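Asker: Structure: start-v3.tsv, TSV, C-alpha atoms.
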chain	number	residue	atom	x	y	z
A	1	MET	CA	-68.81	-47.33	54.85
A	2	ILE	CA	-66.05	-48.72	52.63
A	3	VAL	CA	-67.52	-49.78	49.30
A	4	GLY	CA	-64.46	-51.53	47.90
A	5	LEU	CA	-62.56	-51.63	44.66
A	6	LEU	CA	-63.69	-53.51	41.57
A	7	ASP	CA	-61.57	-56.19	39.98
A	8	MET	CA	-61.11	-54.11	36.85
A	9	GLU	CA	-58.60	-56.50	35.26
A	10	ALA	CA	-61.22	-59.26	35.42
A	11	ILE	CA	-63.93	-56.96	34.04
A	12	VAL	CA	-61.75	-55.93	31.09
A	13	ILE	CA	-60.63	-59.49	30.35
A	14	ASP	CA	-64.22	-60.71	30.50
A	15	LYS	CA	-65.33	-58.03	28.05
A	16	LEU	CA	-62.51	-58.77	25.62
A	17	THR	CA	-63.00	-62.52	25.84
A	18	ASN	CA	-66.70	-62.26	25.03
A	19	ASP	CA	-66.47	-59.66	22.28
A	20	VAL	CA	-67.57	-61.19	18.99
A	21	ASP	CA	-65.51	-58.80	16.89
A	22	LEU	CA	-62.35	-60.04	18.59
A	23	ASP	CA	-63.12	-63.70	17.83
A	24	GLY	CA	-61.43	-63.50	14.45
A	25	PHE	CA	-58.08	-62.59	15.99
A	26	ASP	CA	-57.78	-65.90	17.88
A	27	ALA	CA	-56.13	-63.85	20.61
A	28	ARG	CA	-55.68	-64.58	24.30
A	29	PHE	CA	-56.50	-62.09	27.04
A	30	SER	CA	-54.78	-62.40	30.37
A	31	THR	CA	-52.96	-60.60	33.14
A	32	GLU	CA	-49.95	-62.84	32.46
A	33	THR	CA	-47.56	-63.29	29.57
A	34	PRO	CA	-48.59	-66.57	27.86
A	35	LYS	CA	-46.23	-69.54	27.67
A	36	SER	CA	-46.53	-69.77	23.90
A	37	PHE	CA	-46.11	-66.75	21.64
A	38	THR	CA	-47.58	-68.28	18.49
A	39	ARG	CA	-50.99	-66.63	18.71
A	40	PRO	CA	-51.58	-62.93	19.37
A	41	TRP	CA	-52.29	-61.89	22.93
A	42	VAL	CA	-53.32	-58.93	25.06
A	43	ARG	CA	-51.79	-58.48	28.50
A	44	VAL	CA	-54.07	-56.52	30.79
A	45	TYR	CA	-52.29	-54.72	33.59
A	46	GLN	CA	-53.75	-52.44	36.23
A	47	LEU	CA	-51.18	-49.76	36.96
A	48	ASP	CA	-53.16	-47.76	39.49
A	49	ALA	CA	-56.54	-47.00	40.99
A	50	ILE	CA	-57.12	-43.51	42.31
A	51	ALA	CA	-60.16	-42.68	44.42
A	52	ILE	CA	-62.11	-39.72	43.13
A	53	ALA	CA	-64.82	-39.92	45.80
A	54	PRO	CA	-64.64	-40.78	49.50
A	55	ASN	CA	-64.70	-44.39	50.71
A	56	ASP	CA	-63.78	-45.80	47.30
A	57	ALA	CA	-67.27	-44.99	46.06
A	58	VAL	CA	-65.87	-43.98	42.66
A	59	ASN	CA	-62.44	-44.83	41.36
A	60	ASN	CA	-60.35	-44.09	38.35
A	61	TYR	CA	-58.57	-47.24	37.18
A	62	PHE	CA	-55.46	-46.73	35.12
A	63	MET	CA	-54.81	-49.74	32.88
A	64	GLN	CA	-52.12	-50.66	30.38
A	65	LEU	CA	-53.07	-53.09	27.62
A	66	ASP	CA	-50.21	-54.63	25.64
A	67	CYS	CA	-51.47	-55.85	22.27
A	68	TYR	CA	-48.94	-58.33	20.83
A	69	ALA	CA	-48.84	-59.84	17.37
A	70	GLY	CA	-48.38	-63.62	17.21
A	71	SER	CA	-45.28	-65.22	15.71
A	72	SER	CA	-47.30	-66.49	12.72
A	73	ASP	CA	-47.97	-62.88	11.62
A	74	ASN	CA	-45.50	-60.62	13.42
A	75	SER	CA	-46.51	-57.51	11.52
A	76	THR	CA	-47.28	-53.97	12.57
A	77	LEU	CA	-50.57	-54.34	10.75
A	78	ALA	CA	-51.60	-57.38	12.81
A	79	ALA	CA	-50.72	-55.76	16.13
A	80	GLY	CA	-52.33	-52.49	15.06
A	81	GLU	CA	-55.60	-54.12	14.01
A	82	LEU	CA	-55.75	-56.01	17.29
A	83	ALA	CA	-55.17	-52.79	19.25
A	84	ARG	CA	-57.90	-50.94	17.38
A	85	ALA	CA	-60.33	-53.82	17.88
A	86	VAL	CA	-59.55	-53.81	21.61
A	87	ARG	CA	-60.36	-50.11	21.77
A	88	ARG	CA	-63.64	-50.65	19.97
A	89	ALA	CA	-64.52	-53.52	22.30
A	90	LEU	CA	-63.95	-51.57	25.50
A	91	HIS	CA	-65.93	-48.43	24.72
A	92	PRO	CA	-69.29	-50.19	25.28
A	93	LEU	CA	-68.27	-51.01	28.87
A	94	THR	CA	-70.20	-47.89	29.82
A	95	GLU	CA	-73.42	-49.45	28.48
A	96	MET	CA	-73.07	-52.84	30.13
A	97	ALA	CA	-74.29	-54.03	33.47
A	98	SER	CA	-71.52	-55.91	35.21
A	99	GLU	CA	-70.39	-56.15	38.81
A	100	GLY	CA	-69.91	-52.39	38.70
A	101	VAL	CA	-71.06	-49.36	36.79
A	102	VAL	CA	-68.56	-47.93	34.34
A	103	ASN	CA	-68.99	-44.21	33.84
A	104	LEU	CA	-66.14	-43.44	31.50
A	105	VAL	CA	-63.66	-45.24	29.25
A	106	LEU	CA	-60.95	-42.87	28.10
A	107	PHE	CA	-57.96	-43.96	26.06
A	108	THR	CA	-55.01	-41.71	26.86
A	109	GLY	CA	-52.26	-43.51	24.98
A	110	HIS	CA	-51.86	-45.65	21.86
A	111	ARG	CA	-48.24	-46.13	20.93
A	112	ARG	CA	-46.41	-48.67	18.78
A	113	SER	CA	-43.60	-50.16	20.79
A	114	PRO	CA	-42.08	-53.41	19.50
A	115	ASP	CA	-40.92	-55.62	22.36
A	116	ASP	CA	-37.24	-56.38	21.78
A	117	ALA	CA	-37.10	-58.93	24.58
A	118	LEU	CA	-38.00	-61.35	21.77
A	119	ASP	CA	-35.80	-61.97	18.75
A	120	PRO	CA	-36.92	-60.70	16.28
A	121	PRO	CA	-38.70	-57.93	18.20
A	122	ARG	CA	-42.39	-58.70	18.56
A	123	GLN	CA	-44.79	-56.07	17.24
A	124	ARG	CA	-46.78	-54.51	20.04
A	125	PHE	CA	-49.11	-51.61	20.58
A	126	ILE	CA	-49.44	-50.24	24.11
A	127	LEU	CA	-52.80	-48.77	25.06
A	128	ASP	CA	-53.31	-46.60	28.13
A	129	VAL	CA	-56.90	-46.45	29.28
A	130	GLU	CA	-58.56	-44.77	32.22
A	131	ILE	CA	-61.78	-46.37	33.40
A	132	THR	CA	-63.93	-44.53	35.88
A	133	ALA	CA	-66.31	-46.85	37.72
A	134	HIS	CA	-68.20	-47.51	40.93
A	135	PRO	CA	-69.54	-50.72	42.49
B	1	MET	CA	-81.77	-12.81	20.46
B	2	ALA	CA	-78.58	-14.09	22.05
B	3	ARG	CA	-75.45	-12.17	21.24
B	4	ALA	CA	-72.70	-14.01	19.47
B	5	ALA	CA	-69.69	-14.74	21.62
B	6	GLN	CA	-66.61	-12.76	20.74
B	7	VAL	CA	-63.27	-14.48	20.76
B	8	THR	CA	-60.12	-12.44	20.77
B	9	SER	CA	-57.08	-14.26	19.53
B	10	LEU	CA	-53.91	-13.78	21.53
B	11	PRO	CA	-51.36	-15.62	19.42
B	12	VAL	CA	-48.37	-14.36	21.37
B	13	LEU	CA	-49.78	-14.98	24.85
B	14	ALA	CA	-48.30	-18.48	25.29
B	15	ALA	CA	-44.90	-17.31	24.11
B	16	GLU	CA	-45.06	-14.23	26.37
B	17	LEU	CA	-46.06	-16.34	29.36
B	18	SER	CA	-43.34	-18.90	28.83
B	19	ARG	CA	-40.75	-16.11	29.02
B	20	GLN	CA	-41.90	-15.03	32.49
B	21	PRO	CA	-39.79	-16.50	35.33
B	22	SER	CA	-42.84	-16.47	37.61
B	23	TYR	CA	-44.67	-18.69	35.12
B	24	LYS	CA	-41.85	-21.25	35.25
B	25	ASP	CA	-41.82	-20.97	39.04
B	26	GLU	CA	-45.50	-21.87	39.13
B	27	LEU	CA	-45.04	-24.79	36.71
B	28	GLU	CA	-42.20	-26.05	38.86
B	29	ARG	CA	-44.29	-25.75	42.00
B	30	ARG	CA	-47.05	-27.80	40.39
B	31	ALA	CA	-44.59	-30.39	39.08
B	32	ARG	CA	-42.96	-30.98	42.48
B	33	PRO	CA	-45.60	-33.46	43.76
B	34	ALA	CA	-45.25	-35.43	40.53
B	35	VAL	CA	-41.47	-35.56	40.99
B	36	ALA	CA	-41.89	-36.80	44.57
B	37	ALA	CA	-44.35	-39.48	43.41
B	38	ALA	CA	-42.06	-40.51	40.55
B	39	LYS	CA	-39.10	-40.89	42.93
B	40	LEU	CA	-41.21	-43.07	45.20
B	41	ASN	CA	-42.46	-45.14	42.25
B	42	ALA	CA	-38.90	-45.58	40.99
B	43	GLU	CA	-37.73	-46.69	44.41
B	44	GLN	CA	-40.56	-49.23	44.61
B	45	ALA	CA	-39.59	-50.54	41.16
B	46	GLY	CA	-36.06	-51.18	42.45
B	47	ALA	CA	-34.42	-48.28	40.58
B	48	PRO	CA	-31.77	-47.71	39.49
B	49	TRP	CA	-31.73	-50.56	36.99
B	50	MET	CA	-29.07	-49.22	34.61
B	51	ASP	CA	-28.24	-45.88	36.15
B	52	ARG	CA	-26.20	-43.05	34.75
B	53	PRO	CA	-23.31	-42.30	37.09
B	54	ALA	CA	-23.70	-39.17	39.23
B	55	GLU	CA	-27.25	-38.57	38.04
B	56	PRO	CA	-30.36	-39.23	40.08
B	57	THR	CA	-32.99	-41.46	38.46
B	58	ILE	CA	-35.71	-38.81	38.41
B	59	VAL	CA	-34.78	-35.24	37.52
B	60	MET	CA	-36.77	-32.08	36.94
B	61	GLU	CA	-35.44	-29.35	34.72
B	62	ARG	CA	-36.60	-26.13	33.13
B	63	THR	CA	-36.83	-26.10	29.35
B	64	PRO	CA	-37.62	-23.29	26.92
B	65	LEU	CA	-41.23	-24.48	26.87
B	66	GLY	CA	-41.77	-25.31	30.54
B	67	VAL	CA	-40.70	-27.92	33.05
B	68	ARG	CA	-39.67	-31.47	32.21
B	69	ILE	CA	-39.54	-34.54	34.45
B	70	THR	CA	-37.21	-37.25	33.15
B	71	ASN	CA	-36.37	-40.78	34.17
B	72	THR	CA	-32.65	-40.83	33.37
B	73	ASP	CA	-32.16	-44.58	33.86
B	74	PHE	CA	-30.97	-46.40	30.71
B	75	GLY	CA	-33.80	-48.85	31.41
B	76	ALA	CA	-36.40	-46.09	31.73
B	77	TRP	CA	-38.49	-47.25	28.78
B	78	LEU	CA	-38.54	-50.83	30.07
B	79	MET	CA	-39.36	-49.61	33.58
B	80	GLU	CA	-42.22	-47.50	32.28
B	81	PHE	CA	-43.85	-49.85	29.76
B	82	GLY	CA	-42.51	-53.34	30.56
B	83	SER	CA	-41.83	-56.26	28.21
B	84	ILE	CA	-42.67	-59.96	28.06
B	85	ASN	CA	-40.20	-60.42	30.93
B	86	ASN	CA	-41.04	-57.35	32.98
B	87	PRO	CA	-44.27	-55.86	34.28
B	88	PRO	CA	-44.89	-52.20	33.44
B	89	HIS	CA	-44.28	-49.88	36.37
B	90	GLY	CA	-45.68	-46.70	34.81
B	91	ILE	CA	-43.35	-44.62	36.98
B	92	LEU	CA	-43.93	-41.27	35.27
B	93	ARG	CA	-47.48	-41.88	34.11
B	94	ARG	CA	-48.64	-42.87	37.61
B	95	ALA	CA	-46.80	-39.94	39.15
B	96	ILE	CA	-48.52	-37.46	36.85
B	97	ARG	CA	-51.91	-38.83	37.87
B	98	ALA	CA	-51.02	-38.97	41.55
B	99	ALA	CA	-50.20	-35.25	41.36
B	100	ARG	CA	-53.63	-34.66	39.79
B	101	LEU	CA	-52.07	-33.49	36.55
B	102	ARG	CA	-53.12	-34.58	33.11
B	103	PHE	CA	-50.84	-36.79	31.08
B	104	ILE	CA	-50.86	-35.89	27.39
B	105	PRO	CA	-48.85	-38.37	25.34
B	106	SER	CA	-46.59	-36.94	22.68
B	107	GLU	CA	-44.27	-38.39	20.09
B	108	THR	CA	-41.56	-36.08	21.36
B	109	THR	CA	-41.55	-37.49	24.89
What is this file in structure tokens?
Answerer:
Amino acid sequence: MIVGLLDMEAIVIDKLTNDVDLDGFDARFSTETPKSFTRPWVRVYQLDAIAIAPNDAVNNYFMQLDCYAGSSDNSTLAAGELARAVRRALHPLTEMASEGVVNLVLFTGHRRSPDDALDPPRQRFILDVEITAHP
Amino acid sequence: MARAAQVTSLPVLAAELSRQPSYKDELERRARPAVAAAKLNAEQAGAPWMDRPAEPTIVMERTPLGVRITNTDFGAWLMEFGSINNPPHGILRRAIRAARLRFIPSETT
């Protein structure tokens, strides 16, 4: 029996969108780069999903979350606070009932990496997170 | 009453091990699947982007501390982490996981 993969990007975006502590950031959460860079945003990107049990019963999802400051406050502090709030928001995924059961949320990277594709470079923190889950 | 566990410190063990050629051989053997995965990932990402002449995109080399896998492309950082214009490809990070190794981020990488 093939159980199937979860749409982990959707699960993460849903959690971030509905987190009350993130309301104050007026940030957008999406898999795409937004058209306007005025407000802060978080790009959610699934880099990989590795099966750790047969038939996709349990998978380890490897996600990259780019936490960008908005142009109105392009500071390291703003991007850093957003990144820390995102981390806090995702840990409770293990306690929530959603379309799948999340067993583990493990952040394996948290680096400051301004994006110089914008001028001036936009402040950004890159989070690596591994999420182990089953349907 | 349970006996207390005894821990013997071997401060020179890591240094001694790293000097042994057989230790490096074993590290290299374990790194090979990650190198193969990284080469495949790089190819899928359309590498080379900004290549260094006469140098392959993914190289493995021995260092005083162990074995290092490097993406030599001038666009390696962009390839790995992306930007507003590029998706992240996670070439090395995905390769490490595919080889069932643990990726430990470091400021020196």
Asker: Up to 10 Å from chain A, what residues of chain B turn up? Count only C-alpha atoms and give them as a ChimeraX atom specification.
Answerer: /B:77-78,81-91,93-94,97-98,100,102-107
Asker: Would you mind listing what lies within 12 Å of A:Leu16 as a ChimeraX atom specification, with all atoms listed in the file counted and same-chain residues fewer than 6 positions away left out?
Answerer: /A:9-10,22-23,25-30,41-44,65,67,82-83,85-93
Asker: Between atom CA of B:Pro64 and atom CA of B:Asn41, what is the spacing in Å?
Answerer: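 It comes out at 27.1 Å.
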Asker: Could you check how far atom CA of B:Glu28 sits from atom CA of B:Val67, in Å to one decimal?
Answerer: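 Computed distance, atom CA of B:Glu28 to atom CA of B:Val67, equals 6.3 Å.
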Asker: List the neighbours of B:Asp73 out to 9 Å using only C-alpha atoms; skip same-chain residues closer than 2 positions along the sequence, and give me the result as an NGL selection string.
Answerer: :B and (47-52 or 55-58 or 70-71 or 75-77 or 79)
Asker: Which neighbours of B:Ser18 fall inside 8 Å, counting all atoms listed in the file, when residues of the same chain fewer than 5 positions from it are skipped, and could you give them as a list in words?
Answerer: Tyr23, Lys24, Pro64, Leu65 and Gly66 of chain B
Asker: Could you jot down the atom CA of B:Leu92 to atom CA of B:Ala54 separation for me, Å, one decimal place?
Answerer: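 Atom CA of B:Leu92 sits 20.7 Å away from atom CA of B:Ala54.
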Asker: Skipping near chain neighbours, those fewer than 2 positions away, what residues fall within 8 Å of A:Ala57 using only C-alpha atoms, listed as number ranges by chain?
Answerer: A: 2-4, 51-55, 59, 134-135
Asker: Please write the residues from the selection above to a file, keeping C-alpha atoms, as a tab-separated table (two decimals), in the frame of the given file.
Answerer:
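selection15.tsv, written as the output of this step:
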chain	number	residue	atom	x	y	z
A	2	ILE	CA	-66.05	-48.72	52.63
A	3	VAL	CA	-67.52	-49.78	49.30
A	4	GLY	CA	-64.46	-51.53	47.90
A	51	ALA	CA	-60.16	-42.68	44.42
A	52	ILE	CA	-62.11	-39.72	43.13
A	53	ALA	CA	-64.82	-39.92	45.80
A	54	PRO	CA	-64.64	-40.78	49.50
A	55	ASN	CA	-64.70	-44.39	50.71
A	59	ASN	CA	-62.44	-44.83	41.36
A	134	HIS	CA	-68.20	-47.51	40.93
A	135	PRO	CA	-69.54	-50.72	42.49
Asker: So which one's closest to A:Leu104, A:Ala78, A:Ile13, A:Leu127, A:Ala133? Using only C-alpha atoms, please.
Answerer: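 Once distances to A:Leu104 are computed over only C-alpha atoms, the minimum belongs to A:Ala133.
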Asker: Kindly output stretch 98-120 of chain A as a PDB file, keeping the file's coordinate frame, after building N, CA and C atoms.
Answerer:
ATOM      1  N   SER A  98     -72.436 -54.858  34.756  1.00  0.00           N
ATOM      2  CA  SER A  98     -71.520 -55.910  35.210  1.00  0.00           C
ATOM      3  C   SER A  98     -71.511 -55.822  36.730  1.00  0.00           C
ATOM      4  N   GLU A  99     -70.439 -56.237  37.343  1.00  0.00           N
ATOM      5  CA  GLU A  99     -70.390 -56.150  38.810  1.00  0.00           C
ATOM      6  C   GLU A  99     -70.275 -54.706  39.290  1.00  0.00           C
ATOM      7  N   GLY A 100     -69.973 -53.801  38.358  1.00  0.00           N
ATOM      8  CA  GLY A 100     -69.910 -52.390  38.700  1.00  0.00           C
ATOM      9  C   GLY A 100     -70.494 -51.553  37.583  1.00  0.00           C
ATOM     10  N   VAL A 101     -70.557 -50.261  37.820  1.00  0.00           N
ATOM     11  CA  VAL A 101     -71.060 -49.360  36.790  1.00  0.00           C
ATOM     12  C   VAL A 101     -69.880 -48.559  36.253  1.00  0.00           C
ATOM     13  N   VAL A 102     -69.655 -48.660  34.971  1.00  0.00           N
ATOM     14  CA  VAL A 102     -68.560 -47.930  34.340  1.00  0.00           C
ATOM     15  C   VAL A 102     -69.103 -46.619  33.793  1.00  0.00           C
ATOM     16  N   ASN A 103     -68.513 -45.532  34.255  1.00  0.00           N
ATOM     17  CA  ASN A 103     -68.990 -44.210  33.840  1.00  0.00           C
ATOM     18  C   ASN A 103     -68.233 -43.682  32.630  1.00  0.00           C
ATOM     19  N   LEU A 104     -66.967 -44.045  32.540  1.00  0.00           N
ATOM     20  CA  LEU A 104     -66.140 -43.440  31.500  1.00  0.00           C
ATOM     21  C   LEU A 104     -65.017 -44.378  31.093  1.00  0.00           C
ATOM     22  N   VAL A 105     -64.815 -44.499  29.795  1.00  0.00           N
ATOM     23  CA  VAL A 105     -63.660 -45.240  29.250  1.00  0.00           C
ATOM     24  C   VAL A 105     -62.902 -44.247  28.383  1.00  0.00           C
ATOM     25  N   LEU A 106     -61.704 -43.902  28.799  1.00  0.00           N
ATOM     26  CA  LEU A 106     -60.950 -42.870  28.100  1.00  0.00           C
ATOM     27  C   LEU A 106     -59.550 -43.377  27.765  1.00  0.00           C
ATOM     28  N   PHE A 107     -59.293 -43.516  26.482  1.00  0.00           N
ATOM     29  CA  PHE A 107     -57.960 -43.960  26.060  1.00  0.00           C
ATOM     30  C   PHE A 107     -57.020 -42.755  26.041  1.00  0.00           C
ATOM     31  N   THR A 108     -55.934 -42.850  26.762  1.00  0.00           N
ATOM     32  CA  THR A 108     -55.010 -41.710  26.860  1.00  0.00           C
ATOM     33  C   THR A 108     -53.661 -42.003  26.209  1.00  0.00           C
ATOM     34  N   GLY A 109     -53.508 -43.191  25.658  1.00  0.00           N
ATOM     35  CA  GLY A 109     -52.260 -43.510  24.980  1.00  0.00           C
ATOM     36  C   GLY A 109     -52.460 -44.651  24.001  1.00  0.00           C
ATOM     37  N   HIS A 110     -51.752 -44.594  22.877  1.00  0.00           N
ATOM     38  CA  HIS A 110     -51.860 -45.650  21.860  1.00  0.00           C
ATOM     39  C   HIS A 110     -50.554 -45.596  21.065  1.00  0.00           C
ATOM     40  N   ARG A 111     -49.546 -46.263  21.575  1.00  0.00           N
ATOM     41  CA  ARG A 111     -48.240 -46.130  20.930  1.00  0.00           C
ATOM     42  C   ARG A 111     -47.738 -47.487  20.432  1.00  0.00           C
ATOM     43  N   ARG A 112     -47.043 -47.452  19.297  1.00  0.00           N
ATOM     44  CA  ARG A 112     -46.410 -48.670  18.780  1.00  0.00           C
ATOM     45  C   ARG A 112     -45.064 -48.817  19.455  1.00  0.00           C
ATOM     46  N   SER A 113     -44.834 -49.953  20.050  1.00  0.00           N
ATOM     47  CA  SER A 113     -43.600 -50.160  20.790  1.00  0.00           C
ATOM     48  C   SER A 113     -43.202 -51.633  20.700  1.00  0.00           C
ATOM     49  N   PRO A 114     -42.492 -52.005  19.622  1.00  0.00           N
ATOM     50  CA  PRO A 114     -42.080 -53.410  19.500  1.00  0.00           C
ATOM     51  C   PRO A 114     -41.304 -53.864  20.726  1.00  0.00           C
ATOM     52  N   ASP A 115     -41.566 -55.085  21.157  1.00  0.00           N
ATOM     53  CA  ASP A 115     -40.920 -55.620  22.360  1.00  0.00           C
ATOM     54  C   ASP A 115     -39.652 -56.364  21.931  1.00  0.00           C
ATOM     55  N   ASP A 116     -38.486 -55.767  22.236  1.00  0.00           N
ATOM     56  CA  ASP A 116     -37.240 -56.380  21.780  1.00  0.00           C
ATOM     57  C   ASP A 116     -36.689 -57.403  22.769  1.00  0.00           C
ATOM     58  N   ALA A 117     -37.509 -57.807  23.733  1.00  0.00           N
ATOM     59  CA  ALA A 117     -37.100 -58.930  24.580  1.00  0.00           C
ATOM     60  C   ALA A 117     -37.201 -60.236  23.789  1.00  0.00           C
ATOM     61  N   LEU A 118     -37.927 -60.194  22.673  1.00  0.00           N
ATOM     62  CA  LEU A 118     -38.000 -61.350  21.770  1.00  0.00           C
ATOM     63  C   LEU A 118     -37.151 -61.067  20.546  1.00  0.00           C
ATOM     64  N   ASP A 119     -36.630 -62.122  19.938  1.00  0.00           N
ATOM     65  CA  ASP A 119     -35.800 -61.970  18.750  1.00  0.00           C
ATOM     66  C   ASP A 119     -36.432 -62.759  17.603  1.00  0.00           C
ATOM     67  N   PRO A 120     -36.918 -62.142  16.537  1.00  0.00           N
ATOM     68  CA  PRO A 120     -36.920 -60.700  16.280  1.00  0.00           C
ATOM     69  C   PRO A 120     -37.927 -59.986  17.186  1.00  0.00           C
TER      70      PRO A 120
END
